[in-house]
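Colleague: Got a structure for you, questions after.
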Amino acid sequence: MISLKTTPFIVLLVLCLGCNNSKAVKKGNVNSTSLPNIIFVLVDDLGYADVGFNGSTYYETPNLDALAKESLVLDNAYMYPTCSPSRTAIFTGKQSFRTGVYTVPVLEKGTAEENIFSRWTVGKEHPIYTEPLANAGYKSIHIGKYHIVGPYPKEELKMQFPIQQKLTQPNPGDFTWVETHKESEVMQYYPEGRGFIKNVGGTFRGDPALEEGGYKSVAGGYWAPFSNPFIEHKPTDDWLTDRLTDEAIEFMDTHKKEPFLINLNYYAVHRPIRARSEEGFQKYMNKPADSILGQGIVKNAKSKELTAKYATMVESVDDNIQRILDYLDKSGLRENTIIILTSDNGYHSIASANKQLRGAKGHIYEGGIKVPMLINWPEKVKPRRSESAVTCLDIFPTFMDLADIDYNGILDGNSVSELFQNDTELFTNRPLFWHLASQWKHGTCSVIRKGNYKLIQFLASGKIELYDLKNDPAESNNLIEEKSGIAEKMRLELVKWRKENNVPLPPNSVLEI
């Protein structure tokens with residue numbers, strides 16, 4: 001077992017696309033006479049099947065469904081089971097053991113013997129993609145959820161990791177942190193210190209409910225006046241998702257003569273769940289359930305209301321995506337603008353469902369890590385559905401490729417521009433790795449997905465599970481005995497990956513490496 005005392009970087013959750021330690025992003029994969037505008041939409045907690053184009057008949061996403069028909073839809077897009085490591089991997093292009101951000105710190109359960117507790121703040125030694133983009137002339141705005149700076153960054157960055165207990169955050173209604181976060185010493189970790197021109201709504205917190213009462217408050221952060229100290233009050237404020245879209249359109253209009261990046265990270269559809277409108281709420285209260293996916297099937301009156309409210313939040317995101325498309329068409333920007341839309345983890349089981357996949361947010365099973373993803377770029381991206389597996393680590397190198405940047409820093413993913421026209425062998429054959437060295441929904445584990453197979457090795461017991469994802473997407477049949485040869489080959493590849501990357505194990509692990 002690797003000693004925690006001698007390991008400089010600790011990992012809770014690693015989603016890896018190979019064992020490369022450093023690579024340059026090659027220029028020339030994108031043929032364009034001018035640098036494209038980039039709109040990156042990250043919806044929070046949107047499940048793989050929470051959209052019509054992935055099979056839902058309960059949630060109404062007509063605009064996204066229409067966009068999907070004109071886009072590359074990736075059927076095997078993966079994230080981490082929780083938002084903090086997903087967002088850190090997206091921003092930095094690095095595996096979690098490099099940044100020390102492994103999960104949402106406040107979710108961790110158990111002791112230091114059972115966990116390797118997570119960092120929260122991403123250090124400046126880890127550039128995020130907007131920094132090289134800014135140097136290349138891009139004007140960038142961050143809108144919505146940020147979550148890669150902690151509530152107490154000064155204290156956190158002085159800590160010696162691994163720490164012996166999880167990090168904490170202020171209670172809703174406690175705004176004593178705001179003054180410190182607006183000081184230059186801390187602002188360097190905020191968007192404006194990382195290559196963005198402007199930050200609207202990005203803080204340490206993973207949801208918008210900063211006001212007293214939090215999830216139990218009337219507004220829940222979704223209704224104005226917003227309690228977010230990084231959102232300037234406007235008399236037209238109403239619904240948060242609408243306001244964030246307003247900011248995106250305003251920024252595009254201001255910078256439409258130069259390449260821009262819109263980092264639109266909606267807080268929706270993360271809890272607290274609020275109805276977008278009474279009319280929409282009543283529509284979903286009376287709408288038949290989706291019996292195949294289980295969406296709209298409820299246990300009691302309270303869950304029925306939550307499900308209907310959640311559906312209005314999904315529809316609100318859909319409406320606002322259309323607003324962006326309308327602006328691009330009207331302004332003549334659509335042709336030279338690429339749109340990438342995805343989610344940061346699987347669906348939250350409190351209001352959604354997917355009977356076709358096992359698990360939900362927080363689980364390493366498909367329901368927790370498989371997300372919707374589409375890429376749209378007229379004439380440049382061939383519309384189709386692809387089974388090629390992509391991950392959060394692919395976003396950074398894709399942006400570098402789009403911007404024609406030779407980036408020589410550490411990146412652990414691959415540019416998906418190779419998939420814009422046709423599937424390639426790289427994305428078909430490369431293994432994906434996860435390493436969860438902290439507990440929340442289940443015990444610690446390491447995982448490898450290669451081809452159609454996925455192997456899970458639990459660290460505390462050594463137990464192994466093997467699933468054929470193509471024939472058993474619900475991961476209901478453990479093939480460890482029937483496919484013992486495949487299981488052993490994958491286990492050895494997983495062990496090799498851990499060893500070559502010095503992936504640390506929690507103290508209670510029974511494994512040697």
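Naming works like this for the structure tokens: A, B, ... for the chains as they're shown, residue 1 at the start of each chain, ligands 1 onward in shown order.
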Find the residues near Gly296 of chain A: any atom within 9 Å, counting only C-alpha atoms, skip ones fewer than 2 places away on the same chain, and give them as an mmCIF file with all heavy atoms, in the first residue's frame.
Modeller:
data_model
loop_
_atom_site.group_PDB
_atom_site.id
_atom_site.type_symbol
_atom_site.label_atom_id
_atom_site.label_comp_id
_atom_site.auth_asym_id
_atom_site.auth_seq_id
_atom_site.Cartn_x
_atom_site.Cartn_y
_atom_site.Cartn_z
ATOM 1 N N TYR A 58 -41.392 12.143 -20.331
ATOM 2 C CA TYR A 58 -42.010 12.936 -19.260
ATOM 3 C C TYR A 58 -41.479 14.366 -19.284
ATOM 4 O O TYR A 58 -42.248 15.329 -19.299
ATOM 5 C CB TYR A 58 -41.732 12.284 -17.905
ATOM 6 C CG TYR A 58 -42.363 13.030 -16.748
ATOM 7 C CD1 TYR A 58 -43.746 12.996 -16.550
ATOM 8 C CD2 TYR A 58 -41.594 13.777 -15.866
ATOM 9 C CE1 TYR A 58 -44.341 13.690 -15.494
ATOM 10 C CE2 TYR A 58 -42.170 14.469 -14.811
ATOM 11 C CZ TYR A 58 -43.540 14.422 -14.627
ATOM 12 O OH TYR A 58 -44.118 15.114 -13.596
ATOM 13 N N TYR A 59 -40.168 14.532 -19.305
ATOM 14 C CA TYR A 59 -39.592 15.874 -19.381
ATOM 15 C C TYR A 59 -39.730 16.396 -20.809
ATOM 16 O O TYR A 59 -39.557 15.655 -21.781
ATOM 17 C CB TYR A 59 -38.121 15.852 -18.967
ATOM 18 C CG TYR A 59 -37.916 15.351 -17.563
ATOM 19 C CD1 TYR A 59 -37.146 14.227 -17.318
ATOM 20 C CD2 TYR A 59 -38.517 15.985 -16.489
ATOM 21 C CE1 TYR A 59 -36.966 13.747 -16.032
ATOM 22 C CE2 TYR A 59 -38.357 15.518 -15.194
ATOM 23 C CZ TYR A 59 -37.581 14.398 -14.974
ATOM 24 O OH TYR A 59 -37.418 13.921 -13.705
ATOM 25 N N TYR A 284 -47.243 19.387 -15.340
ATOM 26 C CA TYR A 284 -46.532 18.148 -15.008
ATOM 27 C C TYR A 284 -47.219 17.360 -13.891
ATOM 28 O O TYR A 284 -47.085 16.140 -13.828
ATOM 29 C CB TYR A 284 -45.078 18.460 -14.646
ATOM 30 C CG TYR A 284 -44.246 18.830 -15.857
ATOM 31 C CD1 TYR A 284 -43.879 20.150 -16.100
ATOM 32 C CD2 TYR A 284 -43.847 17.857 -16.767
ATOM 33 C CE1 TYR A 284 -43.124 20.496 -17.208
ATOM 34 C CE2 TYR A 284 -43.096 18.187 -17.885
ATOM 35 C CZ TYR A 284 -42.737 19.507 -18.101
ATOM 36 O OH TYR A 284 -41.999 19.843 -19.213
ATOM 37 N N MET A 285 -47.948 18.049 -13.048
ATOM 38 C CA MET A 285 -48.718 17.335 -12.022
ATOM 39 C C MET A 285 -49.765 16.431 -12.677
ATOM 40 O O MET A 285 -50.117 15.370 -12.150
ATOM 41 C CB MET A 285 -49.408 18.321 -11.085
ATOM 42 C CG MET A 285 -48.484 18.982 -10.071
ATOM 43 S SD MET A 285 -47.886 17.843 -8.795
ATOM 44 C CE MET A 285 -49.384 17.635 -7.810
ATOM 45 N N LYS A 287 -49.501 15.240 -15.886
ATOM 46 C CA LYS A 287 -48.939 14.531 -17.032
ATOM 47 C C LYS A 287 -48.682 13.060 -16.699
ATOM 48 O O LYS A 287 -48.201 12.738 -15.612
ATOM 49 C CB LYS A 287 -47.630 15.185 -17.476
ATOM 50 C CG LYS A 287 -47.061 14.589 -18.759
ATOM 51 C CD LYS A 287 -45.890 15.386 -19.282
ATOM 52 C CE LYS A 287 -45.393 14.776 -20.592
ATOM 53 N NZ LYS A 287 -44.282 15.549 -21.175
ATOM 54 N N PRO A 288 -48.973 12.149 -17.631
ATOM 55 C CA PRO A 288 -48.697 10.727 -17.406
ATOM 56 C C PRO A 288 -47.203 10.477 -17.205
ATOM 57 O O PRO A 288 -46.362 11.155 -17.805
ATOM 58 C CB PRO A 288 -49.195 10.058 -18.692
ATOM 59 C CG PRO A 288 -50.162 11.018 -19.278
ATOM 60 C CD PRO A 288 -49.666 12.378 -18.916
ATOM 61 N N ALA A 289 -46.891 9.504 -16.373
ATOM 62 C CA ALA A 289 -45.499 9.164 -16.082
ATOM 63 C C ALA A 289 -44.870 8.418 -17.256
ATOM 64 O O ALA A 289 -45.566 7.882 -18.123
ATOM 65 C CB ALA A 289 -45.423 8.319 -14.822
ATOM 66 N N ASP A 290 -43.556 8.419 -17.276
ATOM 67 C CA ASP A 290 -42.792 7.627 -18.239
ATOM 68 C C ASP A 290 -42.517 6.282 -17.574
ATOM 69 O O ASP A 290 -41.631 6.163 -16.726
ATOM 70 C CB ASP A 290 -41.476 8.350 -18.575
ATOM 71 C CG ASP A 290 -40.647 7.639 -19.641
ATOM 72 O OD1 ASP A 290 -40.740 6.402 -19.730
ATOM 73 O OD2 ASP A 290 -39.895 8.321 -20.361
ATOM 74 N N SER A 291 -43.268 5.280 -17.954
ATOM 75 C CA SER A 291 -43.174 3.979 -17.286
ATOM 76 C C SER A 291 -41.877 3.250 -17.605
ATOM 77 O O SER A 291 -41.422 2.408 -16.830
ATOM 78 C CB SER A 291 -44.363 3.104 -17.681
ATOM 79 O OG SER A 291 -44.402 2.903 -19.084
ATOM 80 N N LEU A 293 -38.731 4.686 -18.113
ATOM 81 C CA LEU A 293 -37.644 5.256 -17.316
ATOM 82 C C LEU A 293 -38.009 5.413 -15.846
ATOM 83 O O LEU A 293 -37.134 5.522 -14.998
ATOM 84 C CB LEU A 293 -37.242 6.614 -17.890
ATOM 85 C CG LEU A 293 -36.599 6.578 -19.280
ATOM 86 C CD1 LEU A 293 -36.493 7.985 -19.857
ATOM 87 C CD2 LEU A 293 -35.225 5.925 -19.220
ATOM 88 N N GLY A 294 -39.307 5.456 -15.563
ATOM 89 C CA GLY A 294 -39.746 5.651 -14.187
ATOM 90 C C GLY A 294 -39.916 7.099 -13.807
ATOM 91 O O GLY A 294 -40.195 7.419 -12.646
ATOM 92 N N VAL A 298 -44.319 8.197 -8.695
ATOM 93 C CA VAL A 298 -44.025 8.738 -7.369
ATOM 94 C C VAL A 298 -44.615 7.868 -6.271
ATOM 95 O O VAL A 298 -45.525 7.073 -6.502
ATOM 96 C CB VAL A 298 -44.561 10.176 -7.242
ATOM 97 C CG1 VAL A 298 -43.846 11.087 -8.228
ATOM 98 C CG2 VAL A 298 -46.062 10.224 -7.493
ATOM 99 N N LYS A 304 -44.495 13.676 -5.679
ATOM 100 C CA LYS A 304 -45.152 14.071 -6.930
ATOM 101 C C LYS A 304 -44.936 15.558 -7.196
ATOM 102 O O LYS A 304 -44.652 15.973 -8.322
ATOM 103 C CB LYS A 304 -46.647 13.755 -6.863
ATOM 104 C CG LYS A 304 -47.400 14.063 -8.164
ATOM 105 C CD LYS A 304 -48.848 13.628 -8.080
ATOM 106 C CE LYS A 304 -49.595 13.933 -9.379
ATOM 107 N NZ LYS A 304 -49.046 13.179 -10.529
ATOM 108 N N THR A 307 -41.279 16.171 -8.207
ATOM 109 C CA THR A 307 -41.039 15.726 -9.578
ATOM 110 C C THR A 307 -41.587 16.729 -10.587
ATOM 111 O O THR A 307 -40.935 17.044 -11.586
ATOM 112 C CB THR A 307 -41.682 14.345 -9.798
ATOM 113 O OG1 THR A 307 -41.090 13.405 -8.899
ATOM 114 C CG2 THR A 307 -41.489 13.871 -11.222
ATOM 115 N N ALA A 308 -42.784 17.242 -10.331
ATOM 116 C CA ALA A 308 -43.382 18.221 -11.240
ATOM 117 C C ALA A 308 -42.590 19.527 -11.250
ATOM 118 O O ALA A 308 -42.377 20.137 -12.306
ATOM 119 C CB ALA A 308 -44.833 18.481 -10.841
ATOM 120 N N ALA A 351 -35.795 13.554 -7.391
ATOM 121 C CA ALA A 351 -36.877 14.045 -8.248
ATOM 122 C C ALA A 351 -36.901 13.410 -9.628
ATOM 123 O O ALA A 351 -37.882 13.549 -10.345
ATOM 124 C CB ALA A 351 -36.777 15.566 -8.403
ATOM 125 N N SER A 352 -35.824 12.740 -10.018
ATOM 126 C CA SER A 352 -35.788 12.123 -11.330
ATOM 127 C C SER A 352 -35.593 10.619 -11.181
ATOM 128 O O SER A 352 -35.532 10.084 -10.067
ATOM 129 C CB SER A 352 -34.662 12.730 -12.184
ATOM 130 O OG SER A 352 -34.746 12.263 -13.514
ATOM 131 N N ALA A 353 -35.521 9.917 -12.309
ATOM 132 C CA ALA A 353 -35.363 8.461 -12.292
ATOM 133 C C ALA A 353 -34.831 7.995 -13.628
ATOM 134 O O ALA A 353 -34.949 8.683 -14.646
ATOM 135 C CB ALA A 353 -36.711 7.785 -11.999
#
Colleague: Write out as number ranges by chain each polymer residue whose atoms come within 7 Å of segment 201-203 of chain A, counting only C-alpha atoms; drop sequence neighbours fewer than 2 positions from it.
Modeller: A: 143-147, 199, 205, 228, 230-231
Colleague: Just to confirm, what's the straight-line distance from atom CA of Pro127 of chain A to atom CA of Thr92 of chain A in Å (one decimal)?
Modeller: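 That distance, rounded to one decimal, is 6.1 Å.
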Colleague: Using only C-alpha atoms, which residue out of A:Glu156, A:Asp174, A:Glu183, A:Glu70 lies closest to Leu210 of chain A?
Modeller: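 Checking each of A:Glu156, A:Asp174, A:Glu183, A:Glu70 against Leu210 of chain A, counting only C-alpha atoms, the winner is A:Asp174.
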Colleague: Got a sec: who's within 12 Å of Ser96 of chain A, counting only C-alpha atoms, leaving out chain neighbours fewer than 3 positions off, as number ranges by chain?
Modeller: A: 9-16, 80, 84-93, 99-103, 116, 118-120, 122, 126, 392-393, 411-412, 433-437, 501, 503-504
Colleague: Could you work out how far atom CA of Gln282 of chain A lies from atom CA of Leu264 of chain A, giving the answer in Å with one decimal?
Modeller: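 Between these atoms lies a distance of 28.7 Å.
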Colleague: Could you pull out all residues of segment 205-391 of chain A with a DSSP call of strand (DSSP E or B) and give them as a ChimeraX atom specification?
Modeller: /A:223,239,260-265,290,295,337-343,370-371,373-376,384-391
